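Student: Here it is, the structure in full.
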Amino acid sequence: MEETLLRSLPKVDVLLAGAALSEACGRYPYARVKACVQAQLAALRKEILSGERTAPPSTADIEQAVFAQLASSGACGLRRVINATGVILHTNLGRAPLGEEIAGHIYDVARGYCDLESDPETGKRGSRCDAVEALLCKLTGAEAAMVVNNNAGAALLMLHTLANGKRVAISRGELVEIGGGFRVPDILEQSGATLVEVGTTNRTRLLDYETAIREKQATVLLKVHTSNFVMEGFTEETPLSDLVRLGHAQGCKVLYDAGAAFLFPPEYIGIHCGVTAGRCVIDGADAICFSADKLLGLTQAGILIGRRDCIDRMRNDPLSRALRIDKLSLAALEAGLRTYQEPANAIEKIPSLAMANRTEENCRMQAERLAALIQAVAPSFSIRAVPFRDEVGGGALPGVTLPGAAVRAECANIAADTMAACLRKQPVPIVSVIRQNGLLLSARALFPADEQAITDAFAALQNEVANR
Ligand SMILES: *Cc1c(COP(=O)(O)O)cnc(C)c1O
């Protein structure tokens with residue numbers, strides 16, 4: 001039986017020579033069409049051997065499957081997904097979503113030419129970053145600003161320009177790895193600086209820095225925000241303002257990698273911790289760097305602000321050319337920073353700020369509405385709204401949770417991880433959370449249109465469960 005079925009499968013060459021696939025070879029590379037045919041035949045052989053298939057497939061069926069595979073293998077690997085994890089700045093999901101208006105500016109600039117390095121009024125050559133840098137000075141009170149590709153690049157440039165050949169004092173509690181193997185001691189070494197470790201892992205006092213300057217000839221004081229973990233208990237760190245007072249009295253430069261920063265007091269969105277860029281400028285650091293796609297909620301970029309002489313030196317460092325920001329990120333950054341001139345406008349236009357600003361009540365109402373929509377199409381499931389602790393994410397405010405709400409889905413016939421896998425395979429993949437054998441979909445980071453897609457996915461799940 002299996003033997004007969006296997007022998008009934010058409011040969012690769014015969015299929016390729018047929019009218020339909022000859023035509024396909026005119027549109028797609030021959031090798032790709034051939035690989036798709038081989039893959040389809042292999043899949044059919046497997047179905048026959050496992051007993052799943054008991055009737056021979058028609059040539060037309062095979063051709064159709066090859067066409068479908070050819071079309072889908074042209075689709076992009078980078079796709080939109082639905083974030084139901086409750087982590088607003090999810091590092092694995094691209095951190096900050098941009099929102100219609102800001103993303104629209106990218107679209108406008110990307111479709112044609114733009115005045116990236118020419119001033120349309122004078123016709124002379126201009127700088128790609130002038131407008132963004134002026135905005136950053138206005139929003140932070142800094143003397144000067146510049147932008148690069150990301151904050152890892154900003155930190156590297158800051159140290160390469162300002163700490164090369166110098167002895168740099170840094171607290172042992174701040175010798176951190178940021179992620180992706182980006183380790184502060186390694187970056188210092190690559191920048192040509194000599195590391196002078198100060199204090200202990202849990203406590204570093206001003207006196208420790210004083211000793212490093214006096215006894216170890218440190219001439220740069222570096223502070224790094226410990227973004228991705230919290231230290232609790234018997235701890236002490238030296239505030240930036242104290243470091244600046246000491247450093248400047250002793251002729252040292254003071255540099256700060258803040259990691260993530262706000263441009264307005266975080267209390268505006270109900271958050272009671274975190275650094276504001278303006279505060280760092282008032283505290284007097286010579287140069288400060290932070291990411292544009294963490295708490296700022298904009299596109300991937302690294303922002304440097306500080307004293308004019310420091311920023312000018314970084315601008316003239318050849319490394320800055322290698323780290324330069326691309327025009328599409330620049331377009332989003334400028335459109336986003338403009339909204340910050342009026343904090344209420346930023347909270348409205350920047351999705352991650354709006355998400356952080358959502359009240360527990362507002363999340364709960366959405367979770368209840370979504371639960372009812374899902375329950376209506378998935379009667380085999382038990383669906384209800386439950387309280388949930390959301391996070392800002394992005395290694396920005398570790399330990400801070402936001403009270404929110406989620407939809408909890410359970411079903412006796414399907415395990416939570418099978419459910420989660422099925423949701424990830426939807427046309428727009430849905431990323432959920434599993435807790436105590438239940439699947440959870442947090443409301444906080446959902447867009448209004450996501451509700452329909454999630455409901456459709458549960459209708460598909462219901463079908464699968466009903467057919468078992
Ligand atoms: C996140 C972070 C970085 C890296 O920023 P990217 O924008 O991801 O390149 C560097 N330093 C600190 C302290 C950070 O928190």
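Following the order of the structure tokens, chains are lettered A, B, ..., residues in each are numbered from 1, and ligands are numbered from 1.
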Per residue of chain A within 10 Å of ligand 1, which atom pair is closest and at what distance in Å (one decimal), using only C-alpha atoms and all ligand atoms, listed by chain and increasing number, as a Markdown table?
Tutor:
```
| residue | atom | partner | partner_atom_place_in_ligand_line | distance |
| --- | --- | --- | --- | --- |
| A:Thr91 | CA | ligand 1 | 8 (O) | 8.7 |
| A:Arg95 | CA | ligand 1 | 8 (O) | 9.4 |
| A:Val148 | CA | ligand 1 | 9 (O) | 9.8 |
| A:Asn149 | CA | ligand 1 | 9 (O) | 7.9 |
| A:Asn150 | CA | ligand 1 | 9 (O) | 4.3 |
| A:Asn151 | CA | ligand 1 | 9 (O) | 3.8 |
| A:Ala152 | CA | ligand 1 | 9 (O) | 3.7 |
| A:Gly153 | CA | ligand 1 | 9 (O) | 6.4 |
| A:Ala154 | CA | ligand 1 | 9 (O) | 7.8 |
| A:Ala155 | CA | ligand 1 | 10 (C) | 6.5 |
| A:Leu156 | CA | ligand 1 | 10 (C) | 9.0 |
| A:Glu174 | CA | ligand 1 | 13 (C) | 9.0 |
| A:Val176 | CA | ligand 1 | 13 (C) | 8.2 |
| A:Glu177 | CA | ligand 1 | 11 (N) | 8.5 |
| A:Ile178 | CA | ligand 1 | 2 (C) | 5.6 |
| A:Gly179 | CA | ligand 1 | 1 (C) | 7.6 |
| A:Gly180 | CA | ligand 1 | 8 (O) | 9.0 |
| A:Phe182 | CA | ligand 1 | 10 (C) | 7.7 |
| A:Arg183 | CA | ligand 1 | 11 (N) | 9.0 |
| A:Val184 | CA | ligand 1 | 11 (N) | 8.2 |
| A:Lys223 | CA | ligand 1 | 13 (C) | 9.1 |
| A:Val224 | CA | ligand 1 | 13 (C) | 5.5 |
| A:His225 | CA | ligand 1 | 13 (C) | 4.7 |
| A:Thr226 | CA | ligand 1 | 13 (C) | 6.0 |
| A:Ser227 | CA | ligand 1 | 15 (O) | 4.6 |
| A:Asn228 | CA | ligand 1 | 15 (O) | 6.9 |
| A:Tyr256 | CA | ligand 1 | 13 (C) | 8.8 |
| A:Asp257 | CA | ligand 1 | 13 (C) | 5.3 |
| A:Ala258 | CA | ligand 1 | 13 (C) | 5.4 |
| A:Gly259 | CA | ligand 1 | 15 (O) | 3.4 |
| A:Ala260 | CA | ligand 1 | 15 (O) | 5.9 |
| A:Ala261 | CA | ligand 1 | 15 (O) | 9.5 |
| A:Cys289 | CA | ligand 1 | 11 (N) | 8.1 |
| A:Phe290 | CA | ligand 1 | 5 (O) | 6.9 |
| A:Ser291 | CA | ligand 1 | 7 (O) | 4.3 |
| A:Ala292 | CA | ligand 1 | 7 (O) | 6.7 |
| A:Asp293 | CA | ligand 1 | 7 (O) | 6.6 |
| A:Lys294 | CA | ligand 1 | 7 (O) | 7.2 |
| A:Thr299 | CA | ligand 1 | 7 (O) | 9.4 |
| A:Gln300 | CA | ligand 1 | 7 (O) | 6.3 |
| A:Ala301 | CA | ligand 1 | 7 (O) | 6.2 |
| A:Gly302 | CA | ligand 1 | 7 (O) | 5.9 |
| A:Ile303 | CA | ligand 1 | 7 (O) | 9.0 |
| A:Gly394 | CA | ligand 1 | 1 (C) | 7.2 |
| A:Gly395 | CA | ligand 1 | 15 (O) | 6.1 |
| A:Ala396 | CA | ligand 1 | 15 (O) | 6.4 |
| A:Leu397 | CA | ligand 1 | 15 (O) | 9.5 |
```
Student: Pick out the residues sitting within 10 Å of Thr54 of chain A, and hand them over as a list in words; count only C-alpha atoms, and ignore anything fewer than 3 positions along from it in its own chain.
Tutor: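 Near Thr54 of chain A, the qualifying residues are Met1, Glu2, Leu5, Glu47, Ile48, Leu49, Ser50, Gly51 and Pro57 of chain A.
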Student: Between atom CA of Ala212 of chain A and atom CA of Arg167 of chain A, what is the spacing in Å?
Tutor: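 Here the two named atoms are 9.4 Å from each other.
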Student: Env of segment 345-357 of chain A: 7 Å cut, atoms = only C-alpha atoms, seq-sep filter 2 positions within chain, self excluded. Answer as a compact mmCIF listing (two decimals) with N, CA and C atoms, in the first residue's frame.
Tutor:
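Written out: selection-v9.txt:
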```
# COMPACT_ATOMS: atom_id res chain seq x y z
N ILE A 88 6.46 46.70 28.40
CA ILE A 88 6.25 47.75 27.38
C ILE A 88 7.44 47.84 26.43
N ALA A 96 10.68 50.08 21.65
CA ALA A 96 9.56 51.03 21.61
C ALA A 96 8.80 51.01 20.28
N PRO A 97 7.47 50.86 20.32
CA PRO A 97 6.68 51.04 19.08
C PRO A 97 6.57 52.55 18.82
N LEU A 98 6.51 52.95 17.54
CA LEU A 98 6.61 54.38 17.25
C LEU A 98 5.28 55.14 17.16
N GLY A 99 4.22 54.47 16.84
CA GLY A 99 2.96 55.20 16.70
C GLY A 99 2.83 55.82 15.31
N ILE A 269 3.71 60.49 34.34
CA ILE A 269 3.08 59.23 33.91
C ILE A 269 3.00 58.25 35.09
N GLY A 270 2.97 58.80 36.29
CA GLY A 270 2.73 57.97 37.46
C GLY A 270 3.90 57.10 37.89
N GLY A 297 11.10 56.26 24.44
CA GLY A 297 10.04 55.65 23.63
C GLY A 297 10.15 55.95 22.15
N THR A 339 7.42 66.34 19.79
CA THR A 339 6.23 66.15 20.65
C THR A 339 6.58 66.44 22.11
N TYR A 340 7.85 66.26 22.48
CA TYR A 340 8.26 66.47 23.87
C TYR A 340 8.23 67.93 24.29
N GLU A 342 5.84 69.65 24.50
CA GLU A 342 4.63 69.74 25.32
C GLU A 342 4.42 68.32 25.88
N PRO A 343 4.79 68.07 27.17
CA PRO A 343 4.73 66.69 27.69
C PRO A 343 3.40 65.98 27.42
N THR A 359 -4.07 53.52 33.50
CA THR A 359 -4.40 53.16 34.88
C THR A 359 -4.77 51.68 34.94
N ARG A 444 -1.90 45.86 28.70
CA ARG A 444 -1.24 47.17 28.69
C ARG A 444 -0.61 47.55 27.35
N ALA A 445 0.10 46.61 26.70
CA ALA A 445 0.84 46.97 25.49
C ALA A 445 0.09 46.58 24.21
```
Student: Please give the complete set of residues from segment 225-460 of chain A that DSSP, run on the backbone, assigns to helix (DSSP H, G or I), formatted as number ranges by chain.
Tutor: A: 240-249, 266-269, 277-283, 308-315, 319-322, 327-339, 343-349, 351-357, 360-377, 416-424, 450-460
Student: Excluding Ser380 of chain A and residues on its chain fewer than 5 positions from it, collect all residues at most 8 Å away from it, counting only C-alpha atoms, and give them as a list in words.
Tutor: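 Counting only C-alpha atoms, the residues come to Cys411, Gln462, Val465 and Ala466 of chain A.
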Student: Given the selection you just returned, output its residues as a file containing C-alpha atoms, formatted as an mmCIF file, in the first residue's frame.
Tutor:
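Listing of again05.cif after writing:
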```cif
data_model
loop_
_atom_site.group_PDB
_atom_site.id
_atom_site.type_symbol
_atom_site.label_atom_id
_atom_site.label_comp_id
_atom_site.auth_asym_id
_atom_site.auth_seq_id
_atom_site.Cartn_x
_atom_site.Cartn_y
_atom_site.Cartn_z
ATOM 1 C CA CYS A 411 -8.655 24.625 28.473
ATOM 2 C CA GLN A 462 -11.343 26.519 19.194
ATOM 3 C CA VAL A 465 -9.662 21.739 19.935
ATOM 4 C CA ALA A 466 -13.081 20.792 18.509
#
```
Student: Report, in Å to a single decimal, how far apart atom CA of Lys425 of chain A and atom CA of Thr85 of chain A are.
Tutor: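 A separation of 16.1 Å between them.
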Student: Mind checking which residues fall within 8 Å of segment 6-20 of chain A, counting only C-alpha atoms, ignoring those fewer than 2 positions away in the same chain, and posting them as a list of chain:residue names?
Tutor: A:Glu2, A:Glu3, A:Thr4, A:Ser22, A:Glu23, A:Ala24, A:Lys34, A:Val37, A:Gln38, A:Leu41, A:Arg45, A:Ile48, A:Pro56, A:Pro57, A:Thr59, A:Glu63
Student: Can you write out the residues you just picked, keeping all heavy atoms, as a short mmCIF file (atom, residue, chain, number, x, y, z; two decimals), in the first residue's frame?
Tutor:
```cif
data_model
loop_
_atom_site.label_atom_id
_atom_site.label_comp_id
_atom_site.auth_asym_id
_atom_site.auth_seq_id
_atom_site.Cartn_x
_atom_site.Cartn_y
_atom_site.Cartn_z
N GLU A 2 1.76 1.36 1.02
CA GLU A 2 2.68 2.51 1.09
C GLU A 2 3.59 2.54 -0.13
O GLU A 2 3.84 3.59 -0.70
CB GLU A 2 3.54 2.43 2.36
CG GLU A 2 2.77 2.85 3.60
CD GLU A 2 3.49 2.46 4.87
OE1 GLU A 2 4.65 2.02 4.78
OE2 GLU A 2 2.88 2.58 5.94
N GLU A 3 4.09 1.33 -0.47
CA GLU A 3 4.97 1.20 -1.62
C GLU A 3 4.32 1.77 -2.87
O GLU A 3 4.93 2.57 -3.59
CB GLU A 3 5.26 -0.29 -1.87
CG GLU A 3 6.26 -0.88 -0.91
CD GLU A 3 7.66 -0.35 -1.22
OE1 GLU A 3 8.10 -0.54 -2.37
OE2 GLU A 3 8.26 0.27 -0.32
N THR A 4 3.07 1.37 -3.10
CA THR A 4 2.34 1.81 -4.29
C THR A 4 2.18 3.33 -4.27
O THR A 4 2.41 4.01 -5.28
CB THR A 4 0.92 1.19 -4.31
OG1 THR A 4 0.99 -0.09 -3.69
CG2 THR A 4 0.37 1.10 -5.71
N SER A 22 7.19 25.20 -15.19
CA SER A 22 8.09 25.86 -16.17
C SER A 22 7.87 27.36 -16.09
O SER A 22 8.81 28.15 -16.13
CB SER A 22 7.79 25.42 -17.60
OG SER A 22 7.87 24.05 -17.72
N GLU A 23 6.59 27.72 -15.96
CA GLU A 23 6.27 29.15 -15.88
C GLU A 23 6.85 29.74 -14.59
O GLU A 23 7.41 30.85 -14.60
CB GLU A 23 4.74 29.31 -15.91
CG GLU A 23 4.25 30.73 -16.11
CD GLU A 23 3.68 31.32 -14.82
OE1 GLU A 23 3.40 30.56 -13.87
OE2 GLU A 23 3.53 32.54 -14.76
N ALA A 24 6.76 28.98 -13.48
CA ALA A 24 7.33 29.45 -12.21
C ALA A 24 8.82 29.68 -12.34
O ALA A 24 9.38 30.62 -11.76
CB ALA A 24 7.03 28.44 -11.10
N LYS A 34 13.21 24.30 -7.73
CA LYS A 34 13.57 22.89 -7.58
C LYS A 34 13.59 22.50 -6.10
O LYS A 34 13.07 21.46 -5.71
CB LYS A 34 14.94 22.63 -8.23
CG LYS A 34 15.31 21.16 -8.25
CD LYS A 34 16.56 20.92 -9.10
CE LYS A 34 16.98 19.47 -8.96
NZ LYS A 34 18.24 19.20 -9.66
N VAL A 37 10.08 22.06 -4.83
CA VAL A 37 9.50 20.80 -5.31
C VAL A 37 10.03 19.64 -4.47
O VAL A 37 9.26 18.80 -3.98
CB VAL A 37 9.84 20.57 -6.81
CG1 VAL A 37 9.45 19.17 -7.25
CG2 VAL A 37 9.13 21.63 -7.67
N GLN A 38 11.34 19.63 -4.23
CA GLN A 38 11.94 18.54 -3.44
C GLN A 38 11.37 18.54 -2.03
O GLN A 38 11.07 17.48 -1.46
CB GLN A 38 13.47 18.70 -3.40
CG GLN A 38 14.10 18.32 -4.74
CD GLN A 38 15.57 18.75 -4.83
OE1 GLN A 38 15.97 19.74 -4.22
NE2 GLN A 38 16.35 18.01 -5.61
N LEU A 41 7.81 17.10 -2.05
CA LEU A 41 7.81 15.64 -2.23
C LEU A 41 8.28 14.93 -0.96
O LEU A 41 7.72 13.90 -0.57
CB LEU A 41 8.69 15.25 -3.43
CG LEU A 41 8.11 15.63 -4.80
CD1 LEU A 41 9.12 15.35 -5.92
CD2 LEU A 41 6.80 14.89 -5.08
N ARG A 45 6.20 12.17 1.18
CA ARG A 45 6.74 10.84 1.52
C ARG A 45 6.57 10.58 3.02
O ARG A 45 6.20 9.50 3.45
CB ARG A 45 8.22 10.76 1.14
CG ARG A 45 8.41 10.09 -0.23
CD ARG A 45 9.89 9.94 -0.57
NE ARG A 45 10.12 10.54 -1.88
CZ ARG A 45 10.79 11.66 -2.12
NH1 ARG A 45 11.37 12.30 -1.12
NH2 ARG A 45 10.89 12.12 -3.33
N ILE A 48 3.01 9.75 3.87
CA ILE A 48 2.65 8.39 3.45
C ILE A 48 3.21 7.36 4.44
O ILE A 48 2.51 6.47 4.90
CB ILE A 48 3.18 8.12 2.01
CG1 ILE A 48 2.42 8.99 1.00
CG2 ILE A 48 3.04 6.63 1.65
CD1 ILE A 48 3.02 9.03 -0.39
N PRO A 56 -3.24 9.02 -3.25
CA PRO A 56 -2.17 9.73 -3.95
C PRO A 56 -2.55 11.20 -4.21
O PRO A 56 -3.72 11.47 -4.51
CB PRO A 56 -2.03 8.96 -5.27
CG PRO A 56 -3.34 8.28 -5.47
CD PRO A 56 -3.93 8.04 -4.11
N PRO A 57 -1.59 12.16 -4.06
CA PRO A 57 -1.90 13.56 -4.34
C PRO A 57 -1.95 13.80 -5.85
O PRO A 57 -1.28 13.08 -6.59
CB PRO A 57 -0.72 14.30 -3.72
CG PRO A 57 0.42 13.33 -3.81
CD PRO A 57 -0.17 11.96 -3.72
N THR A 59 -1.13 16.00 -9.29
CA THR A 59 -0.03 16.89 -9.69
C THR A 59 -0.42 18.34 -9.40
O THR A 59 0.40 19.12 -8.94
CB THR A 59 0.25 16.70 -11.20
OG1 THR A 59 0.57 15.32 -11.40
CG2 THR A 59 1.40 17.56 -11.67
N GLU A 63 1.66 21.12 -7.31
CA GLU A 63 2.06 22.40 -7.93
C GLU A 63 1.57 23.58 -7.09
O GLU A 63 2.30 24.54 -6.86
CB GLU A 63 1.50 22.49 -9.35
CG GLU A 63 2.27 21.61 -10.31
CD GLU A 63 1.58 21.45 -11.67
OE1 GLU A 63 0.40 21.89 -11.80
OE2 GLU A 63 2.21 20.90 -12.57
#
```
Student: Show which residues sit within 6 Å of segment 108-118 of chain A, as a list of chain:residue names. Count only C-alpha atoms, and ignore same-chain residues fewer than 6 positions away.
Tutor: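 Final neighbour list, sorted by chain and number: A:Lys124, A:Arg125, A:Gly126, A:Ser127, A:Arg128.
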Student: Export C-alpha atoms of the chosen residues as a compact mmCIF listing (two decimals), in the first residue's frame?
Tutor:
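Printed below is result.txt as written:
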```
# COMPACT_ATOMS: atom_id res chain seq x y z
CA LYS A 124 24.64 74.99 0.89
CA ARG A 125 25.80 71.80 2.56
CA GLY A 126 24.28 71.38 6.04
CA SER A 127 24.56 68.82 8.82
CA ARG A 128 22.11 65.95 9.07
```
